[in-house]
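Only one structure is covered here, and it is reproduced in the block below.
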Number of protein chains: 2
Amino acid sequence: MSAELTIVLPIYDGVTHLDFTGPHQVFVRLPNAKVLVASLGGQPVCADGLQFSALANLEEIAVCDVLCVPGGAGCVAALEDERFLKQISRLSQSARYITSVCTGSLILGAAGLLAGKHATSHWAFRDLLPLFGAIRSDERVVRDGYVITAGGVTAGIDFSLTLIAELAGKDLAQSIQLGLEYAPDPPFASGRPEEAPAAIYAALRDKIAAESVERRAHLHAFLEKKSRPRTA
Amino acid sequence: MSAELTIVLPIYDGVTHLDFTGPHQVFVRLPNAKVLVASLGGQPVCADGLQFSALANLEEIAVCDVLCVPGGAGCVAALEDERFLKQISRLSQSARYITSVCTGSLILGAAGLLAGKHATSHWAFRDLLPLFGAIRSDERVVRDGYVITAGGVTAGIDFSLTLIAELAGKDLAQSIQLGLEYAPDPPFASGRPEEAPAAIYAALRDKIAAESVERRAHLHAFLEKKSRPRTA
């Protein structure tokens, strides 16, 4: 691993910041890596009240080794933005690893990168994966060749350590894990639908469903438009 | 929990961003909470290549309910900055909970907030806690009355869920945990000195020790200056 490795995290308004700050904090500890958090035009990005600035310009990044797309409530608006999606498609061509965290996989799907691939997403949106031709998986980190997708938000940390092991070996991954004191000890067993108390799961599922009605409609419209043959 | 709750995360150059982005992503899901990420003068803060802007001005925040100080390589420079430390002391007076993640506890210590308190820090810096009169603990999240300290970096996520349960009940904490899909599944068992492979631990311990010689010297100078009686 002597050559420099370029890792690109494309972000957009409404991204869930922990989707990329988790992996970013892991990736920056990889020697010889250039980790670029990038947006269209290098414009500042807002995420849950945090503003990220001095970003790389997505359109000016020539190539990358790892493309890692985070998710969040803004993911549907992001994939509807042709300028943004074009950059995802373009960068995916040079990437050795095409990856996502949370609903970032919907963006990969929209760019046509999940066809026939096993993939995951945030639990509340995994049902959408087959719309892009992906094979839905409920695992926390799913690898299908050069495509690695992670589940919701915090799964990005597990994913990024897995990727570090792949890129630079298990020893470095374990050293970074130790440096970040990643020996998680959640106070509750409530991180997955299968283990959360049933009433808490049902309430959150319904809340997310209600909040994402419009986004789902947009996604279906996007897919319909895409499948419609172009008239000359 | 009808009244608004103010949570302040004071940051500074060289902060480890995951120390506060983890808790921030949890805290913003607390209804009726105002979560302020703040710096001196509201100036942008750089952290491992990420720039955070549009920050609150630490000096203009009148009071807070929760003060949560993150750590990072910049923590010693931050506690040496009288203007910064003064704001930590001032805000601690109104805070119902005085908290930290990682070496943020050294900043609490420097502000005199850990005297006689059980507290923790990043594993590589816990030995410094007694210098501030604190009782060192190696637990991941340590509570001593209104003071709650968390271990290194990722311990902030466990801590913030614990605090949410305290502030707003266990149901909400579990719902937020589910929303963030926090069912961690690290690819390796290497997150604590006690569980990491011995050689990996020894190498990282020595590397961190070598890198922090100057910071430790500064910390000792700070403590010496503080203990020296003022001449009129």
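Naming scheme: A, B, ... for chains in displayed order of the structure tokens; residues 1 onward per chain; ligands 1 onward as shown.
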
Practice task
Restrict the distance test to only C-alpha atoms, flag each residue of chain B within 8 Å of chain A, and return the flagged residues as a ChimeraX atom specification.
Solution key: /B:16-18,21-22,25,28,37,48,50-55,122-123,140,151-155,157-158,161-162,171,174-175,177-193,196,200-201,204

Exercise for the section: Just list the residues in stretch 61-153 of chain B DSSP gives helix (DSSP H, G or I) on the backbone, as a ChimeraX atom specification. Expected result: /B:75-80,82-94,104-110,123-132

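If you look at atom CA of A:Phe20 and atom CA of A:Gly71, they are 8.5 Å away from each other.
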
Exercise for the section: Please indicate the distance in Å from atom CA of B:Lys117 to atom CA of B:Val101, rounded to one decimal place. Expected result: 15.4 Å

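With distances restricted to only C-alpha atoms, B:Ala221 is the closest residue to B:Val76 from B:Ala95, B:Ala221, B:Ala150, B:Ala62.
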
Problem - Counting only C-alpha atoms, the residue of B:Glu211, B:Glu59, B:Glu194, B:Glu80 that sits nearest B:Leu223 - result: B:Glu80

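Among the residues of stretch 64-229 of chain B, backbone DSSP assigns strand (DSSP E) to Val66, Leu67, Cys68, Val69, Tyr97, Ile98, Thr99, Ser100, Val101, His118, Ala119, Ile135, Arg136, Val141, Val142, Arg143, Asp144, Val147, Ile148, Thr149 and Ala150 of chain B.
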
I want to know what sits within 12 Å of A:Ile61, based on only C-alpha atoms, with residues of the same chain fewer than 6 positions away left out; could you give that as a CSV table (one decimal) with all heavy atoms, in the first residue's frame?
```csv
chain,number,residue,atom,x,y,z
A,6,THR,N,-7.4,7.2,-2.9
A,6,THR,CA,-8.4,8.3,-2.8
A,6,THR,C,-9.7,7.7,-2.4
A,6,THR,O,-10.3,6.8,-3.0
A,6,THR,CB,-8.5,9.0,-4.1
A,6,THR,OG1,-7.2,9.6,-4.4
A,6,THR,CG2,-9.4,10.2,-3.9
A,7,ILE,N,-10.2,8.2,-1.3
A,7,ILE,CA,-11.5,7.8,-0.8
A,7,ILE,C,-12.5,9.0,-0.8
A,7,ILE,O,-12.1,10.1,-0.3
A,7,ILE,CB,-11.5,7.3,0.7
A,7,ILE,CG1,-10.5,6.1,0.8
A,7,ILE,CG2,-12.8,7.0,1.3
A,7,ILE,CD1,-10.2,5.6,2.2
A,8,VAL,N,-13.6,8.9,-1.5
A,8,VAL,CA,-14.5,10.0,-1.7
A,8,VAL,C,-15.8,9.7,-1.0
A,8,VAL,O,-16.4,8.7,-1.2
A,8,VAL,CB,-14.7,10.3,-3.2
A,8,VAL,CG1,-15.8,11.4,-3.4
A,8,VAL,CG2,-13.4,10.7,-3.9
A,9,LEU,N,-16.2,10.7,-0.2
A,9,LEU,CA,-17.5,10.6,0.5
A,9,LEU,C,-18.3,11.8,0.0
A,9,LEU,O,-18.1,12.9,0.4
A,9,LEU,CB,-17.3,10.8,2.0
A,9,LEU,CG,-16.4,9.7,2.7
A,9,LEU,CD1,-15.6,10.3,3.8
A,9,LEU,CD2,-17.4,8.6,3.2
A,10,PRO,N,-19.2,11.5,-1.0
A,10,PRO,CA,-20.0,12.6,-1.5
A,10,PRO,C,-21.2,12.9,-0.6
A,10,PRO,O,-21.9,12.0,-0.2
A,10,PRO,CB,-20.6,12.0,-2.8
A,10,PRO,CG,-20.0,10.6,-2.9
A,10,PRO,CD,-19.6,10.2,-1.6
A,34,LYS,N,-6.0,9.7,0.9
A,34,LYS,CA,-6.6,11.0,0.7
A,34,LYS,C,-8.1,10.9,0.9
A,34,LYS,O,-8.7,10.2,0.0
A,34,LYS,CB,-6.2,11.6,-0.7
A,34,LYS,CG,-6.5,13.0,-0.9
A,34,LYS,CD,-5.8,13.6,-2.1
A,34,LYS,CE,-6.4,13.0,-3.4
A,34,LYS,NZ,-5.8,13.6,-4.6
A,35,VAL,N,-8.6,11.4,1.9
A,35,VAL,CA,-10.0,11.2,2.2
A,35,VAL,C,-10.8,12.6,1.9
A,35,VAL,O,-10.5,13.6,2.5
A,35,VAL,CB,-10.3,10.8,3.7
A,35,VAL,CG1,-11.8,10.5,3.8
A,35,VAL,CG2,-9.5,9.6,4.1
A,36,LEU,N,-11.6,12.5,0.8
A,36,LEU,CA,-12.3,13.7,0.4
A,36,LEU,C,-13.7,13.7,0.7
A,36,LEU,O,-14.5,12.8,0.2
A,36,LEU,CB,-12.1,13.9,-1.1
A,36,LEU,CG,-10.6,14.0,-1.6
A,36,LEU,CD1,-10.6,14.0,-3.1
A,36,LEU,CD2,-10.0,15.3,-1.1
A,37,VAL,N,-14.2,14.7,1.5
A,37,VAL,CA,-15.6,14.8,1.7
A,37,VAL,C,-16.0,15.9,0.7
A,37,VAL,O,-15.5,17.0,0.7
A,37,VAL,CB,-16.0,15.2,3.1
A,37,VAL,CG1,-17.5,15.4,3.3
A,37,VAL,CG2,-15.4,14.2,4.1
A,38,ALA,N,-16.9,15.5,-0.2
A,38,ALA,CA,-17.2,16.4,-1.4
A,38,ALA,C,-18.6,16.7,-1.6
A,38,ALA,O,-19.5,15.9,-1.3
A,38,ALA,CB,-16.6,15.7,-2.6
A,39,SER,N,-18.9,17.9,-2.2
A,39,SER,CA,-20.3,18.2,-2.5
A,39,SER,C,-20.3,18.9,-3.9
A,39,SER,O,-19.2,19.2,-4.4
A,39,SER,CB,-20.8,19.2,-1.5
A,39,SER,OG,-20.1,20.4,-1.6
A,40,LEU,N,-21.4,19.0,-4.5
A,40,LEU,CA,-21.5,19.7,-5.8
A,40,LEU,C,-21.0,21.1,-5.6
A,40,LEU,O,-21.5,21.9,-4.8
A,40,LEU,CB,-23.0,19.8,-6.3
A,40,LEU,CG,-23.5,18.5,-6.9
A,40,LEU,CD1,-25.0,18.7,-7.3
A,40,LEU,CD2,-22.7,18.0,-8.1
A,41,GLY,N,-20.0,21.5,-6.4
A,41,GLY,CA,-19.5,22.8,-6.4
A,41,GLY,C,-18.7,23.1,-5.1
A,41,GLY,O,-18.2,24.2,-4.9
A,42,GLY,N,-18.5,22.1,-4.3
A,42,GLY,CA,-17.8,22.3,-3.0
A,42,GLY,C,-18.6,23.1,-2.0
A,42,GLY,O,-18.0,23.7,-1.1
A,55,LEU,N,-15.5,22.0,1.6
A,55,LEU,CA,-15.6,20.7,1.0
A,55,LEU,C,-14.9,20.6,-0.4
A,55,LEU,O,-14.7,21.6,-1.1
A,55,LEU,CB,-17.1,20.3,0.8
A,55,LEU,CG,-17.8,20.3,2.2
A,55,LEU,CD1,-19.3,20.1,1.9
A,55,LEU,CD2,-17.3,19.1,3.1
A,67,LEU,N,-15.5,4.8,-3.3
A,67,LEU,CA,-16.6,5.7,-3.3
A,67,LEU,C,-17.5,5.3,-2.2
A,67,LEU,O,-18.0,4.1,-2.2
A,67,LEU,CB,-17.3,5.7,-4.7
A,67,LEU,CG,-18.6,6.5,-4.9
A,67,LEU,CD1,-18.2,8.0,-4.8
A,67,LEU,CD2,-19.3,6.2,-6.2
A,87,GLN,N,-22.3,12.5,-11.1
A,87,GLN,CA,-20.9,12.4,-10.5
A,87,GLN,C,-20.8,11.0,-9.8
A,87,GLN,O,-19.7,10.5,-9.8
A,87,GLN,CB,-20.7,13.5,-9.5
A,87,GLN,CG,-20.7,14.9,-10.1
A,87,GLN,CD,-19.8,15.0,-11.3
A,87,GLN,OE1,-18.6,14.5,-11.3
A,87,GLN,NE2,-20.3,15.6,-12.4
A,88,ILE,N,-21.9,10.5,-9.2
A,88,ILE,CA,-21.8,9.2,-8.6
A,88,ILE,C,-21.5,8.2,-9.7
A,88,ILE,O,-20.6,7.3,-9.5
A,88,ILE,CB,-23.1,8.9,-7.9
A,88,ILE,CG1,-23.5,9.9,-6.8
A,88,ILE,CG2,-23.1,7.5,-7.3
A,88,ILE,CD1,-22.5,10.1,-5.7
A,90,ARG,N,-20.1,8.7,-12.6
A,90,ARG,CA,-18.7,8.9,-13.1
A,90,ARG,C,-17.7,8.3,-12.2
A,90,ARG,O,-16.8,7.6,-12.6
A,90,ARG,CB,-18.5,10.4,-13.4
A,90,ARG,CG,-17.2,10.7,-14.0
A,90,ARG,CD,-17.0,12.2,-14.2
A,90,ARG,NE,-17.0,13.0,-12.9
A,90,ARG,CZ,-15.9,13.1,-12.1
A,90,ARG,NH1,-14.8,12.5,-12.5
A,90,ARG,NH2,-16.0,13.7,-11.0
A,91,LEU,N,-17.8,8.7,-10.9
A,91,LEU,CA,-16.7,8.2,-10.0
A,91,LEU,C,-16.8,6.7,-9.7
A,91,LEU,O,-15.7,6.1,-9.4
A,91,LEU,CB,-16.8,9.0,-8.6
A,91,LEU,CG,-16.4,10.5,-8.7
A,91,LEU,CD1,-16.8,11.2,-7.5
A,91,LEU,CD2,-14.8,10.5,-8.9
A,92,SER,N,-17.9,6.1,-9.9
A,92,SER,CA,-18.1,4.7,-9.7
A,92,SER,C,-17.2,3.9,-10.7
A,92,SER,O,-16.8,2.8,-10.5
A,92,SER,CB,-19.5,4.2,-9.8
A,92,SER,OG,-20.0,4.3,-11.1
A,94,SER,N,-14.2,4.5,-11.8
A,94,SER,CA,-12.8,4.3,-11.4
A,94,SER,C,-12.6,3.6,-10.1
A,94,SER,O,-11.6,3.1,-9.7
A,94,SER,CB,-12.0,5.7,-11.3
A,94,SER,OG,-12.7,6.6,-10.4
A,95,ALA,N,-13.7,3.6,-9.3
A,95,ALA,CA,-13.6,3.0,-7.9
A,95,ALA,C,-13.4,1.5,-7.9
A,95,ALA,O,-14.0,0.8,-8.6
A,95,ALA,CB,-14.9,3.4,-7.2
```

Handout entry: Closest of A:Tyr97, A:Leu113, A:Pro130, A:Thr149 to A:Pro70 - atom-to-atom distances counting only C-alpha atoms
Key = A:Thr149

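We find atom CA of B:Leu219 and atom CA of B:Glu60 to be spaced 27.6 Å apart.
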
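Distances to A:Gly14 were evaluated for A:Thr103, A:Asn32, A:Ser227, A:Ser121 using only C-alpha atoms, and the minimum falls at A:Thr103.
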